[in-house]
$ cat work_12.txt   # compact mmCIF, C-alpha atoms and all ligand atoms
# COMPACT_ATOMS: atom_id res chain seq x y z
CA MET A 1 -28.66 27.30 -66.04
CA ASN A 2 -29.56 30.44 -68.00
CA LYS A 3 -26.49 30.75 -70.17
CA SER A 4 -26.66 28.86 -73.44
CA TYR A 5 -23.65 28.20 -75.69
CA ASP A 6 -23.43 27.68 -79.42
CA VAL A 7 -21.12 24.71 -78.87
CA VAL A 8 -20.11 22.56 -75.91
CA ILE A 9 -16.98 20.49 -76.54
CA VAL A 10 -16.45 17.40 -74.40
CA GLY A 11 -12.79 16.44 -73.84
CA GLY A 12 -9.65 18.56 -73.90
CA GLY A 13 -7.33 16.43 -76.02
CA PRO A 14 -6.00 17.49 -79.44
CA ALA A 15 -9.49 17.23 -81.00
CA GLY A 16 -11.22 19.23 -78.25
CA VAL A 17 -8.55 21.93 -77.98
CA ALA A 18 -8.48 22.35 -81.78
CA ALA A 19 -12.28 22.65 -81.80
CA ALA A 20 -12.21 25.23 -78.99
CA TYR A 21 -9.53 27.29 -80.73
CA LEU A 22 -11.41 27.27 -84.04
CA CYS A 23 -14.73 28.20 -82.36
CA HIS A 24 -12.84 31.02 -80.61
CA LYS A 25 -11.38 32.24 -83.91
CA CYS A 26 -14.70 32.30 -85.75
CA GLY A 27 -16.63 33.97 -82.90
CA LEU A 28 -18.80 31.05 -81.77
CA ASP A 29 -19.81 31.05 -78.11
CA TYR A 30 -18.31 27.80 -76.84
CA LEU A 31 -17.21 25.94 -73.71
CA LEU A 32 -14.76 23.05 -73.49
CA ILE A 33 -15.20 20.68 -70.57
CA GLU A 34 -12.41 18.35 -69.49
CA GLN A 35 -12.62 15.79 -66.69
CA GLY A 36 -8.92 15.98 -65.83
CA LYS A 37 -6.97 18.68 -64.01
CA THR A 38 -5.75 20.27 -67.26
CA VAL A 39 -6.16 19.96 -71.00
CA PHE A 40 -4.37 16.98 -72.58
CA GLN A 41 -5.05 14.90 -69.45
CA GLY A 42 -5.74 11.87 -71.65
CA ILE A 43 -2.30 12.14 -73.25
CA SER A 44 -0.56 12.83 -69.98
CA ASP A 45 -2.22 9.71 -68.47
CA THR A 46 -1.42 7.35 -71.32
CA TYR A 47 2.01 8.28 -72.74
CA PRO A 48 5.09 6.88 -71.03
CA GLU A 49 7.33 9.51 -69.44
CA GLY A 50 9.73 11.13 -71.93
CA LYS A 51 8.03 9.65 -75.01
CA ASN A 52 8.55 11.63 -78.22
CA VAL A 53 5.48 12.96 -79.98
CA TYR A 54 5.47 12.64 -83.78
CA PRO A 55 3.43 14.68 -86.29
CA SER A 56 2.36 11.43 -87.97
CA LYS A 57 0.04 11.67 -90.95
CA PRO A 58 -1.64 8.77 -92.79
CA LYS A 59 0.04 8.27 -96.19
CA GLU A 60 -3.18 8.25 -98.17
CA ASN A 61 -4.35 11.59 -96.76
CA PRO A 62 -3.49 14.67 -98.84
CA GLU A 63 -4.73 17.26 -96.32
CA PRO A 64 -2.11 19.18 -94.28
CA PHE A 65 -2.56 19.71 -90.50
CA LEU A 66 -5.50 22.13 -90.47
CA VAL A 67 -4.50 23.75 -87.17
CA GLU A 68 -0.81 24.41 -87.58
CA GLU A 69 -0.60 25.87 -84.04
CA LEU A 70 -1.29 22.45 -82.49
CA ARG A 71 0.83 20.36 -84.82
CA PRO A 72 3.63 18.49 -82.99
CA PRO A 73 6.99 19.83 -84.27
CA ASP A 74 8.81 18.00 -87.09
CA LYS A 75 11.81 17.56 -84.82
CA PRO A 76 10.09 15.41 -82.19
CA VAL A 77 9.81 16.76 -78.65
CA THR A 78 8.95 14.84 -75.49
CA VAL A 79 5.33 14.50 -74.45
CA GLU A 80 6.02 16.71 -71.40
CA LYS A 81 7.27 19.55 -73.68
CA TYR A 82 4.34 19.19 -76.07
CA ILE A 83 1.80 19.27 -73.22
CA GLN A 84 3.49 22.31 -71.70
CA TYR A 85 3.38 24.08 -75.07
CA VAL A 86 -0.35 23.31 -75.52
CA GLN A 87 -1.16 24.47 -71.98
CA HIS A 88 0.58 27.80 -72.66
CA PHE A 89 -1.25 28.07 -75.96
CA VAL A 90 -4.65 27.53 -74.28
CA GLN A 91 -3.78 30.18 -71.70
CA HIS A 92 -2.39 32.62 -74.22
CA GLU A 93 -5.45 32.34 -76.46
CA ASN A 94 -7.64 32.59 -73.38
CA LEU A 95 -9.75 29.62 -74.46
CA ASN A 96 -12.92 28.98 -72.50
CA VAL A 97 -12.07 25.73 -70.69
CA ARG A 98 -13.52 24.22 -67.54
CA THR A 99 -11.49 21.40 -66.04
CA GLU A 100 -12.49 18.75 -63.50
CA LEU A 101 -15.93 18.60 -65.03
CA GLN A 102 -17.19 15.26 -66.24
CA PHE A 103 -19.61 14.70 -69.09
CA GLU A 104 -22.46 12.36 -68.22
CA ASP A 105 -25.30 12.55 -70.74
CA ILE A 106 -27.16 14.67 -73.28
CA ARG A 107 -30.79 15.73 -72.97
CA ASP A 108 -33.04 17.25 -75.62
CA GLU A 109 -34.47 20.69 -74.84
CA ARG A 110 -37.19 22.60 -76.67
CA ASP A 111 -34.66 24.87 -78.34
CA GLY A 112 -31.42 22.86 -78.31
CA LEU A 113 -29.59 20.42 -76.09
CA SER A 114 -28.43 20.12 -72.50
CA VAL A 115 -25.09 18.54 -71.68
CA LEU A 116 -25.41 16.87 -68.29
CA THR A 117 -22.21 17.06 -66.26
CA SER A 118 -20.97 16.14 -62.80
CA GLU A 119 -21.91 19.69 -61.77
CA GLY A 120 -25.25 20.03 -63.51
CA PRO A 121 -26.60 20.76 -66.99
CA ILE A 122 -25.15 23.16 -69.57
CA ARG A 123 -27.36 24.37 -72.41
CA THR A 124 -26.05 24.47 -75.94
CA ARG A 125 -27.06 24.33 -79.59
CA LYS A 126 -24.42 21.82 -80.70
CA VAL A 127 -22.20 19.28 -78.95
CA ILE A 128 -18.81 18.03 -80.10
CA LEU A 129 -17.82 14.77 -78.40
CA ALA A 130 -14.01 14.59 -78.31
CA PHE A 131 -13.51 12.28 -75.34
CA GLY A 132 -10.96 9.99 -77.01
CA SER A 133 -10.89 6.25 -77.36
CA SER A 134 -10.48 5.12 -73.82
CA VAL A 135 -13.21 5.65 -71.26
CA PRO A 136 -12.56 4.50 -67.67
CA LYS A 137 -14.89 1.70 -66.61
CA GLU A 138 -17.45 2.44 -63.92
CA LEU A 139 -17.81 0.24 -60.85
CA SER A 140 -20.99 -1.75 -61.27
CA VAL A 141 -22.63 -1.87 -57.86
CA TYR A 142 -26.19 -1.54 -56.61
CA GLY A 143 -26.75 2.13 -55.97
CA ASP A 144 -24.55 4.93 -57.07
CA ALA A 145 -20.73 4.80 -57.04
CA LYS A 146 -20.06 8.00 -59.00
CA MET A 147 -18.05 9.57 -56.19
CA VAL A 148 -15.39 6.87 -56.42
CA ALA A 149 -12.22 8.33 -58.00
CA LYS A 150 -10.73 6.69 -61.10
CA ARG A 151 -7.28 8.18 -60.77
CA VAL A 152 -5.17 9.96 -58.17
CA GLU A 153 -4.51 13.62 -58.82
CA ASP A 154 -2.92 14.29 -55.46
CA PRO A 155 -1.81 11.34 -53.28
CA LYS A 156 -1.45 13.71 -50.28
CA LYS A 157 -5.26 13.66 -50.07
CA TYR A 158 -5.06 10.10 -48.75
CA VAL A 159 -2.61 10.80 -45.91
CA GLY A 160 -4.22 10.06 -42.53
CA VAL A 161 -7.07 7.98 -43.98
CA ARG A 162 -7.67 4.29 -44.60
CA THR A 163 -7.79 4.07 -48.36
CA LEU A 164 -9.26 1.40 -50.59
CA VAL A 165 -7.80 0.81 -54.06
CA ILE A 166 -9.79 -1.51 -56.34
CA GLY A 167 -8.25 -3.28 -59.36
CA GLY A 168 -5.64 -5.99 -59.87
CA GLY A 169 -3.26 -4.53 -62.47
CA ASN A 170 -0.37 -2.12 -62.93
CA SER A 171 -2.43 1.06 -62.72
CA ALA A 172 -3.88 0.04 -59.33
CA ALA A 173 -0.36 -0.87 -58.15
CA ASP A 174 0.99 2.50 -59.35
CA VAL A 175 -1.73 4.32 -57.41
CA ILE A 176 -0.88 2.32 -54.28
CA ILE A 177 2.84 3.04 -54.66
CA SER A 178 2.19 6.79 -54.91
CA ILE A 179 -0.08 6.77 -51.84
CA LEU A 180 2.29 4.59 -49.78
CA ARG A 181 5.17 6.95 -50.61
CA GLU A 182 3.15 9.97 -49.50
CA LYS A 183 2.07 8.20 -46.30
CA ARG A 184 5.66 7.14 -45.55
CA GLU A 185 6.93 10.71 -45.96
CA ALA A 186 4.16 11.97 -43.64
CA ASN A 187 4.84 9.19 -41.10
CA ASP A 188 1.25 7.94 -41.50
CA HIS A 189 0.72 4.24 -40.72
CA GLN A 190 -2.94 3.99 -41.79
CA PRO A 191 -3.19 1.09 -44.24
CA VAL A 192 -4.01 1.03 -47.91
CA TYR A 193 -6.40 -1.83 -48.70
CA TRP A 194 -5.91 -3.38 -52.13
CA ALA A 195 -8.97 -5.22 -53.39
CA HIS A 196 -9.29 -7.30 -56.52
CA ILE A 197 -12.28 -9.28 -57.71
CA SER A 198 -10.07 -12.22 -58.69
CA GLU A 199 -7.80 -14.23 -56.38
CA LYS A 200 -4.66 -13.30 -58.32
CA PHE A 201 -3.13 -9.83 -58.74
CA ASP A 202 -1.44 -9.27 -62.09
CA VAL A 203 1.38 -6.70 -62.25
CA ASN A 204 4.58 -6.61 -64.26
CA LYS A 205 8.01 -7.22 -62.73
CA GLU A 206 9.11 -3.60 -62.68
CA THR A 207 5.92 -2.44 -60.91
CA ALA A 208 6.15 -5.34 -58.46
CA GLN A 209 9.71 -4.30 -57.61
CA ARG A 210 8.67 -0.71 -56.91
CA LEU A 211 5.74 -1.90 -54.80
CA GLY A 212 7.98 -4.34 -52.90
CA GLU A 213 10.39 -1.49 -52.15
CA GLU A 214 7.59 0.64 -50.67
CA ILE A 215 6.45 -2.28 -48.52
CA LEU A 216 9.99 -2.92 -47.26
CA LEU A 217 10.32 0.77 -46.43
CA GLY A 218 7.33 0.42 -44.11
CA GLY A 219 4.32 0.69 -46.43
CA ASN A 220 1.22 -0.67 -44.72
CA ILE A 221 -0.79 -2.58 -47.30
CA ARG A 222 -3.58 -5.12 -46.77
CA LEU A 223 -4.48 -7.39 -49.66
CA LEU A 224 -8.12 -8.28 -50.28
CA PRO A 225 -8.13 -10.89 -53.07
CA GLY A 226 -11.54 -12.09 -54.23
CA ALA A 227 -13.26 -8.96 -52.89
CA ILE A 228 -16.43 -7.81 -54.67
CA PRO A 229 -17.71 -4.20 -54.57
CA ARG A 230 -21.43 -4.53 -53.87
CA ILE A 231 -23.38 -1.48 -52.79
CA GLY A 232 -23.16 2.28 -52.94
CA GLU A 233 -25.14 3.74 -50.06
CA VAL A 234 -25.51 6.83 -47.92
CA ASP A 235 -25.06 6.27 -44.17
CA GLU A 236 -27.01 7.93 -41.34
CA GLU A 237 -24.52 10.82 -41.29
CA GLY A 238 -25.03 11.48 -44.99
CA VAL A 239 -21.65 10.03 -46.03
CA ASP A 240 -21.57 8.18 -49.38
CA ARG A 241 -20.03 4.77 -48.72
CA LEU A 242 -18.96 1.77 -50.75
CA VAL A 243 -19.62 -1.67 -49.33
CA ILE A 244 -17.24 -4.37 -50.51
CA ARG A 245 -17.66 -8.05 -49.69
CA ILE A 246 -14.33 -9.53 -48.70
CA ASN A 247 -15.52 -13.13 -48.56
CA GLU A 248 -18.80 -14.89 -49.01
CA MET A 249 -20.23 -18.35 -48.59
CA ARG A 250 -23.42 -19.69 -50.08
CA GLN A 251 -25.31 -22.50 -48.41
CA PRO A 252 -27.40 -25.00 -50.39
CA ASP A 253 -30.51 -23.62 -48.62
CA GLY A 254 -29.93 -20.23 -50.34
CA ILE A 255 -28.60 -18.46 -47.23
CA GLU A 256 -25.43 -16.44 -47.76
CA PHE A 257 -22.77 -15.61 -45.18
CA TYR A 258 -20.38 -12.82 -45.91
CA ASN A 259 -17.97 -10.33 -44.38
CA SER A 260 -17.97 -6.83 -45.75
CA MET A 261 -16.04 -3.62 -45.31
CA SER A 262 -17.51 -0.19 -45.86
CA PHE A 263 -15.37 2.79 -46.92
CA PRO A 264 -16.33 6.44 -47.41
CA MET A 265 -16.36 6.75 -51.22
CA LYS A 266 -14.03 9.72 -51.08
CA ASN A 267 -11.34 7.30 -49.82
CA VAL A 268 -11.84 4.81 -52.65
CA ILE A 269 -10.02 4.71 -55.99
CA ALA A 270 -11.15 2.24 -58.66
CA CYS A 271 -8.51 1.40 -61.27
CA ILE A 272 -10.50 -1.20 -63.14
CA GLY A 273 -9.36 -0.39 -66.65
CA SER A 274 -10.89 1.35 -69.57
CA GLN A 275 -13.09 0.47 -72.50
CA GLY A 276 -14.10 1.94 -75.83
CA PRO A 277 -16.82 4.60 -75.92
CA LEU A 278 -19.63 2.21 -77.04
CA PRO A 279 -21.44 2.25 -73.65
CA ILE A 280 -21.58 6.06 -73.88
CA TYR A 281 -23.00 5.94 -77.41
CA ASP A 282 -25.67 3.53 -76.18
CA LYS A 283 -26.43 5.74 -73.19
CA ILE A 284 -26.84 8.93 -75.20
CA GLY A 285 -28.75 7.19 -77.98
CA VAL A 286 -26.44 7.62 -80.96
CA GLN A 287 -26.72 4.80 -83.42
CA THR A 288 -24.04 2.22 -84.13
CA ILE A 289 -24.09 -0.55 -86.68
CA ALA A 290 -22.62 -4.06 -86.43
CA CYS A 291 -20.17 -5.15 -89.11
CA ALA A 292 -21.50 -7.99 -91.20
CA GLU A 293 -19.23 -10.65 -92.64
CA GLY A 294 -17.06 -9.33 -95.48
CA VAL A 295 -18.27 -5.72 -95.15
CA CYS A 296 -15.60 -4.20 -92.91
CA GLN A 297 -11.90 -4.00 -93.60
CA VAL A 298 -10.63 -2.54 -90.31
CA ALA A 299 -13.29 -3.71 -87.86
CA LYS A 300 -14.05 -7.36 -87.26
CA GLU A 301 -17.33 -9.10 -87.89
CA GLY A 302 -19.76 -8.18 -85.10
CA ASP A 303 -17.86 -5.01 -84.02
CA ARG A 304 -20.21 -2.08 -83.64
CA LEU A 305 -19.21 1.15 -85.37
CA ILE A 306 -20.70 4.57 -84.89
CA LEU A 307 -22.74 5.98 -87.79
CA LEU A 308 -21.68 9.47 -88.87
CA THR A 309 -22.37 11.79 -91.77
CA SER A 310 -19.47 13.10 -93.84
CA GLU A 311 -19.54 16.13 -91.49
CA PHE A 312 -19.11 13.86 -88.42
CA GLU A 313 -22.66 14.43 -87.19
CA SER A 314 -24.11 11.40 -85.39
CA THR A 315 -27.66 10.12 -85.74
CA ARG A 316 -28.53 12.38 -82.83
CA LYS A 317 -29.06 15.78 -84.40
CA GLY A 318 -26.60 18.42 -83.29
CA VAL A 319 -24.20 15.88 -81.73
CA TYR A 320 -20.85 15.47 -83.52
CA VAL A 321 -18.12 12.94 -82.70
CA VAL A 322 -14.42 13.41 -83.54
CA GLY A 323 -10.88 12.16 -82.94
CA GLY A 324 -9.94 9.03 -81.04
CA ALA A 325 -13.61 8.54 -80.09
CA ILE A 326 -14.29 7.23 -83.61
CA SER A 327 -11.03 5.34 -84.24
CA PRO A 328 -9.96 2.99 -85.74
CA SER A 329 -12.99 3.15 -88.06
CA TYR A 330 -16.58 4.34 -88.31
CA MET A 331 -19.53 3.98 -90.69
CA ARG A 332 -19.94 6.94 -92.97
CA ILE A 333 -23.36 7.79 -94.33
CA SER A 334 -23.19 9.55 -97.65
CA ALA A 335 -25.52 9.84 -100.62
CA GLY A 336 -27.79 7.11 -99.32
CA SER A 337 -25.04 4.55 -98.73
CA ILE A 338 -23.15 3.44 -95.65
CA GLN A 339 -19.51 2.50 -95.80
CA GLU A 340 -16.75 1.74 -93.34
CA GLU A 341 -14.20 4.58 -93.19
CA ARG A 342 -10.70 4.11 -91.81
CA HIS A 343 -9.85 6.59 -89.07
CA PRO A 344 -6.33 6.19 -87.65
CA ASN A 345 -6.05 7.34 -84.05
CA LEU A 346 -3.57 10.20 -84.50
CA ILE A 347 -3.21 13.79 -83.38
CA TYR A 348 -3.51 14.69 -87.07
CA THR A 349 -6.94 13.05 -87.52
CA ALA A 350 -8.19 14.47 -84.22
CA ILE A 351 -7.23 18.04 -85.19
CA ASN A 352 -8.49 17.81 -88.75
CA ASP A 353 -11.84 16.27 -87.72
CA ALA A 354 -12.30 19.19 -85.34
CA SER A 355 -11.60 21.64 -88.14
CA HIS A 356 -14.19 20.05 -90.46
CA VAL A 357 -16.81 19.96 -87.72
CA VAL A 358 -16.35 23.56 -86.59
CA ASP A 359 -16.51 24.66 -90.21
CA SER A 360 -19.79 22.82 -90.69
CA ILE A 361 -21.26 24.16 -87.41
CA ARG A 362 -20.19 27.71 -88.28
CA LYS A 363 -22.00 27.48 -91.62
CA LYS A 364 -25.15 26.29 -89.86
CA LEU A 365 -25.10 28.79 -86.98
CA VAL A 366 -23.61 31.93 -88.49
CA PRO A 367 -25.76 33.14 -91.39
CA PRO A 368 -23.76 34.55 -94.32
CA ALA A 369 -23.55 38.36 -94.33
CA ALA A 370 -26.23 40.01 -96.49
CA PRO A 371 -24.84 41.35 -99.79
CA ALA A 372 -24.17 45.11 -99.80
CA VAL A 373 -26.79 47.18 -101.68
C1 LIG B 401 1.36 5.88 -75.91
C2 LIG B 401 0.78 6.63 -77.06
C3 LIG B 401 1.62 7.31 -77.93
C4 LIG B 401 1.08 8.03 -79.01
N1 LIG B 401 1.94 8.73 -79.82
C5 LIG B 401 1.44 9.49 -80.85
C6 LIG B 401 2.30 10.27 -81.68
O1 LIG B 401 3.52 10.30 -81.50
N2 LIG B 401 1.72 10.99 -82.69
C7 LIG B 401 0.37 10.98 -82.95
O2 LIG B 401 -0.09 11.65 -83.87
N3 LIG B 401 -0.47 10.25 -82.14
C8 LIG B 401 0.02 9.51 -81.12
N4 LIG B 401 -0.83 8.79 -80.30
C9 LIG B 401 -2.28 8.89 -80.53
C10 LIG B 401 -2.84 10.25 -80.07
O3 LIG B 401 -2.42 10.52 -78.75
C11 LIG B 401 -4.37 10.24 -80.15
O4 LIG B 401 -4.74 10.00 -81.47
C12 LIG B 401 -4.96 11.58 -79.71
O5 LIG B 401 -4.63 11.86 -78.37
C13 LIG B 401 -6.49 11.57 -79.85
O6 LIG B 401 -6.95 12.83 -79.47
P1 LIG B 401 -8.42 13.06 -78.90
O7 LIG B 401 -8.53 14.52 -78.62
O8 LIG B 401 -9.41 12.44 -79.81
O9 LIG B 401 -8.50 12.18 -77.57
P2 LIG B 401 -7.64 12.25 -76.21
O10 LIG B 401 -6.27 12.75 -76.44
O11 LIG B 401 -7.81 10.90 -75.61
O12 LIG B 401 -8.41 13.33 -75.33
C14 LIG B 401 -9.67 13.10 -74.79
C15 LIG B 401 -9.86 13.96 -73.56
O13 LIG B 401 -11.21 13.84 -73.11
C16 LIG B 401 -11.24 13.77 -71.70
N5 LIG B 401 -12.47 13.04 -71.31
C17 LIG B 401 -12.72 11.71 -71.44
N6 LIG B 401 -13.93 11.41 -70.97
C18 LIG B 401 -14.45 12.58 -70.51
C19 LIG B 401 -15.68 12.92 -69.87
N7 LIG B 401 -16.62 12.00 -69.61
N8 LIG B 401 -15.89 14.22 -69.51
C20 LIG B 401 -14.94 15.17 -69.76
N9 LIG B 401 -13.76 14.89 -70.35
C21 LIG B 401 -13.52 13.62 -70.73
C22 LIG B 401 -9.96 13.01 -71.34
O14 LIG B 401 -9.54 13.30 -70.01
C23 LIG B 401 -8.97 13.54 -72.39
O15 LIG B 401 -8.21 14.64 -71.93
C24 LIG B 401 -0.32 8.06 -79.23
C25 LIG B 401 -1.17 7.37 -78.35
C26 LIG B 401 -0.62 6.66 -77.28
C27 LIG B 401 -1.55 5.94 -76.33
$ encode --input "work_12.txt" --output "structure tokens" --more "lines below"
Ligand SMILES: Cc1cc2nc3c(=O)[nH]c(=O)nc-3n(C[C@H](O)[C@H](O)[C@H](O)COP(=O)(O)OP(=O)(O)OC[C@H]3O[C@@H](n4cnc5c(N)ncnc54)[C@H](O)[C@@H]3O)c2cc1C
Amino acid sequence: MNKSYDVVIVGGGPAGVAAAYLCHKCGLDYLLIEQGKTVFQGISDTYPEGKNVYPSKPKENPEPFLVEELRPPDKPVTVEKYIQYVQHFVQHENLNVRTELQFEDIRDERDGLSVLTSEGPIRTRKVILAFGSSVPKELSVYGDAKMVAKRVEDPKKYVGVRTLVIGGGNSAADVIISILREKREANDHQPVYWAHISEKFDVNKETAQRLGEEILLGGNIRLLPGAIPRIGEVDEEGVDRLVIRINEMRQPDGIEFYNSMSFPMKNVIACIGSQGPLPIYDKIGVQTIACAEGVCQVAKEGDRLILLTSEFESTRKGVYVVGGAISPSYMRISAGSIQEERHPNLIYTAINDASHVVDSIRKKLVPPAAPAV
């Protein structure tokens, strides 16, 4: 871990890519880390196929797009075209991006910060958190379940293995459909187990139809309603496993009977939804403040909003937060007062936040040139 960066950017959406490009242009030593396979993974996961992308801009905001290169075109293009354009742009500009690397935490060091990732720490002077508004939920089990996947990059990986998919909604069903299709094409009859904590699965009609079709075409699926993931453990061969209780019975004398199944974690996918970034703010120790009655206009009473300076620096020194991660509003500290600030979740706001933050970091890290004598 010898190398130290000026800036580590977490998340390769519009905010993160804009920040990386601007750091690149002004000569800061930076690294962008993205948990997905490519930049714009968040957008590619959440937009419906073929959706047009609009260069929307809040009416009350006079600023133009501050990174014209990343602005969606006025004549709307599909999300696939926009993503393709951005990926070419990142390649063409040779931006320093590492994909399939997940942010986990931030640690203070004597002379800066360490960003803890799924592959170890990275040292840096400043951190820009640009991980968007939706963070996949973690499985809460005793022990560690970090190896459990939250999405399927390549369904072929599950051919020939008994796979467990956890979650009762459309995204779990979509994952199962893609794996069943792959298994069918490879003539693999190993089952996919579908576990849900509640007794009732909840998918829309269109997804149910596609799932039904896969089953009728020979898909081998075993339903596990009321199944509860319990323990992450390492077995005697060193394999990380997830133990899931598929039924349990409690006696009045306190004794429990249960049946469990245990799957290698690499064969488990948990599609249990996403949440806002509050748990991450709590984990890394950046301060939030609860809205009191009558104080907030966008947030509701009791909602917790992140506290940021007018330069988007959090209460943790050197840690900035931008884009969807602070939408739809945050608490702005300025001149001794704290006020709720609207922050629409748009590509425009994400890009412009990044521009303001990189500008502020550049001023702090790059001393102005000495006047000529
Ligand atoms: C269906 C839909 C349609 C929309 N249409 C428009 C539109 O037409 N015009 C418009 O202006 N806006 C639109 N928006 C909003 C726009 O997409 C968001 O405002 C924008 O994507 C926010 O950018 P971001 O960079 O802050 O976050 P994101 O785009 O969410 O990017 C965050 C990135 O961080 C990565 N990440 C998350 N956690 C980690 C981690 N722990 N470690 C490493 N990486 C991580 C994610 O994989 C993701 O790639 C739309 C949103 C949706 C859902």
$ residues_near_point --input "work_12.txt" --point "(-17.8, -5.1, -55.3)" --cutoff "8 Å" --atoms "all atoms listed in the file" --output "ChimeraX atom specification"
/A:139-141,197,227-231,243-245
$ atom_distance --input "work_12.txt" --atom1 "atom CA of A:Asn170" --atom2 "atom CA of A:Ile272"
10.2 Å
$ residues_near_ligand --input "work_12.txt" --ligand "ligand LIG 401 (chain B)" --cutoff "8 Å" --atoms "only C-alpha atoms and all ligand atoms" --output "PDB file with C-alpha atoms, in the frame of the given file"
ATOM      1  CA  VAL A  10     -16.450  17.400 -74.400  1.00  0.00           C
ATOM      2  CA  GLY A  11     -12.790  16.440 -73.840  1.00  0.00           C
ATOM      3  CA  GLY A  12      -9.650  18.560 -73.900  1.00  0.00           C
ATOM      4  CA  GLY A  13      -7.330  16.430 -76.020  1.00  0.00           C
ATOM      5  CA  PRO A  14      -6.000  17.490 -79.440  1.00  0.00           C
ATOM      6  CA  ALA A  15      -9.490  17.230 -81.000  1.00  0.00           C
ATOM      7  CA  GLY A  16     -11.220  19.230 -78.250  1.00  0.00           C
ATOM      8  CA  VAL A  17      -8.550  21.930 -77.980  1.00  0.00           C
ATOM      9  CA  ILE A  33     -15.200  20.680 -70.570  1.00  0.00           C
ATOM     10  CA  GLU A  34     -12.410  18.350 -69.490  1.00  0.00           C
ATOM     11  CA  GLN A  35     -12.620  15.790 -66.690  1.00  0.00           C
ATOM     12  CA  GLY A  36      -8.920  15.980 -65.830  1.00  0.00           C
ATOM     13  CA  THR A  38      -5.750  20.270 -67.260  1.00  0.00           C
ATOM     14  CA  VAL A  39      -6.160  19.960 -71.000  1.00  0.00           C
ATOM     15  CA  PHE A  40      -4.370  16.980 -72.580  1.00  0.00           C
ATOM     16  CA  GLN A  41      -5.050  14.900 -69.450  1.00  0.00           C
ATOM     17  CA  GLY A  42      -5.740  11.870 -71.650  1.00  0.00           C
ATOM     18  CA  ILE A  43      -2.300  12.140 -73.250  1.00  0.00           C
ATOM     19  CA  THR A  46      -1.420   7.350 -71.320  1.00  0.00           C
ATOM     20  CA  TYR A  47       2.010   8.280 -72.740  1.00  0.00           C
ATOM     21  CA  PRO A  48       5.090   6.880 -71.030  1.00  0.00           C
ATOM     22  CA  LYS A  51       8.030   9.650 -75.010  1.00  0.00           C
ATOM     23  CA  ASN A  52       8.550  11.630 -78.220  1.00  0.00           C
ATOM     24  CA  VAL A  53       5.480  12.960 -79.980  1.00  0.00           C
ATOM     25  CA  TYR A  54       5.470  12.640 -83.780  1.00  0.00           C
ATOM     26  CA  PRO A  55       3.430  14.680 -86.290  1.00  0.00           C
ATOM     27  CA  SER A  56       2.360  11.430 -87.970  1.00  0.00           C
ATOM     28  CA  LYS A  57       0.040  11.670 -90.950  1.00  0.00           C
ATOM     29  CA  PRO A  72       3.630  18.490 -82.990  1.00  0.00           C
ATOM     30  CA  GLU A 100     -12.490  18.750 -63.500  1.00  0.00           C
ATOM     31  CA  LEU A 101     -15.930  18.600 -65.030  1.00  0.00           C
ATOM     32  CA  GLN A 102     -17.190  15.260 -66.240  1.00  0.00           C
ATOM     33  CA  PHE A 103     -19.610  14.700 -69.090  1.00  0.00           C
ATOM     34  CA  GLU A 104     -22.460  12.360 -68.220  1.00  0.00           C
ATOM     35  CA  THR A 117     -22.210  17.060 -66.260  1.00  0.00           C
ATOM     36  CA  ALA A 130     -14.010  14.590 -78.310  1.00  0.00           C
ATOM     37  CA  PHE A 131     -13.510  12.280 -75.340  1.00  0.00           C
ATOM     38  CA  GLY A 132     -10.960   9.990 -77.010  1.00  0.00           C
ATOM     39  CA  SER A 133     -10.890   6.250 -77.360  1.00  0.00           C
ATOM     40  CA  SER A 134     -10.480   5.120 -73.820  1.00  0.00           C
ATOM     41  CA  VAL A 135     -13.210   5.650 -71.260  1.00  0.00           C
ATOM     42  CA  PRO A 136     -12.560   4.500 -67.670  1.00  0.00           C
ATOM     43  CA  VAL A 322     -14.420  13.410 -83.540  1.00  0.00           C
ATOM     44  CA  GLY A 323     -10.880  12.160 -82.940  1.00  0.00           C
ATOM     45  CA  GLY A 324      -9.940   9.030 -81.040  1.00  0.00           C
ATOM     46  CA  ALA A 325     -13.610   8.540 -80.090  1.00  0.00           C
ATOM     47  CA  PRO A 344      -6.330   6.190 -87.650  1.00  0.00           C
ATOM     48  CA  ASN A 345      -6.050   7.340 -84.050  1.00  0.00           C
ATOM     49  CA  LEU A 346      -3.570  10.200 -84.500  1.00  0.00           C
ATOM     50  CA  ILE A 347      -3.210  13.790 -83.380  1.00  0.00           C
ATOM     51  CA  TYR A 348      -3.510  14.690 -87.070  1.00  0.00           C
ATOM     52  CA  THR A 349      -6.940  13.050 -87.520  1.00  0.00           C
ATOM     53  CA  ALA A 350      -8.190  14.470 -84.220  1.00  0.00           C
ATOM     54  CA  ILE A 351      -7.230  18.040 -85.190  1.00  0.00           C
TER      55      ILE A 351
END
$ residues_around --input "work_12.txt" --residues "A:Glu49" --least-positions-apart "6" --cutoff "9 Å" --atoms "only C-alpha atoms" --output "NGL selection string"
:A and (78-80)
$ atom_distance --input "work_12.txt" --atom1 "atom CA of A:Gln339" --atom2 "atom CA of A:Thr315"
15.0 Å
$ residues_around --input "work_12.txt" --residues "A:Glu233" --least-positions-apart "2" --cutoff "12 Å" --atoms "all atoms listed in the file" --output "ChimeraX atom specification"
/A:141-147,229-231,235-244,262-265
$ residues_around --input "work_12.txt" --residues "stretch 156-165 of chain A" --least-positions-apart "2" --cutoff "8 Å" --atoms "only C-alpha atoms" --output "list in words"
Asp154, Gly167, Ala172, Val175, Ile176, Ile179, Glu182, Lys183, Ala186, Asp188, His189, Gln190, Pro191, Val192, Tyr193, Trp194, Ala195, Phe263, Asn267, Val268, Ile269, Ala270 and Cys271 of chain A
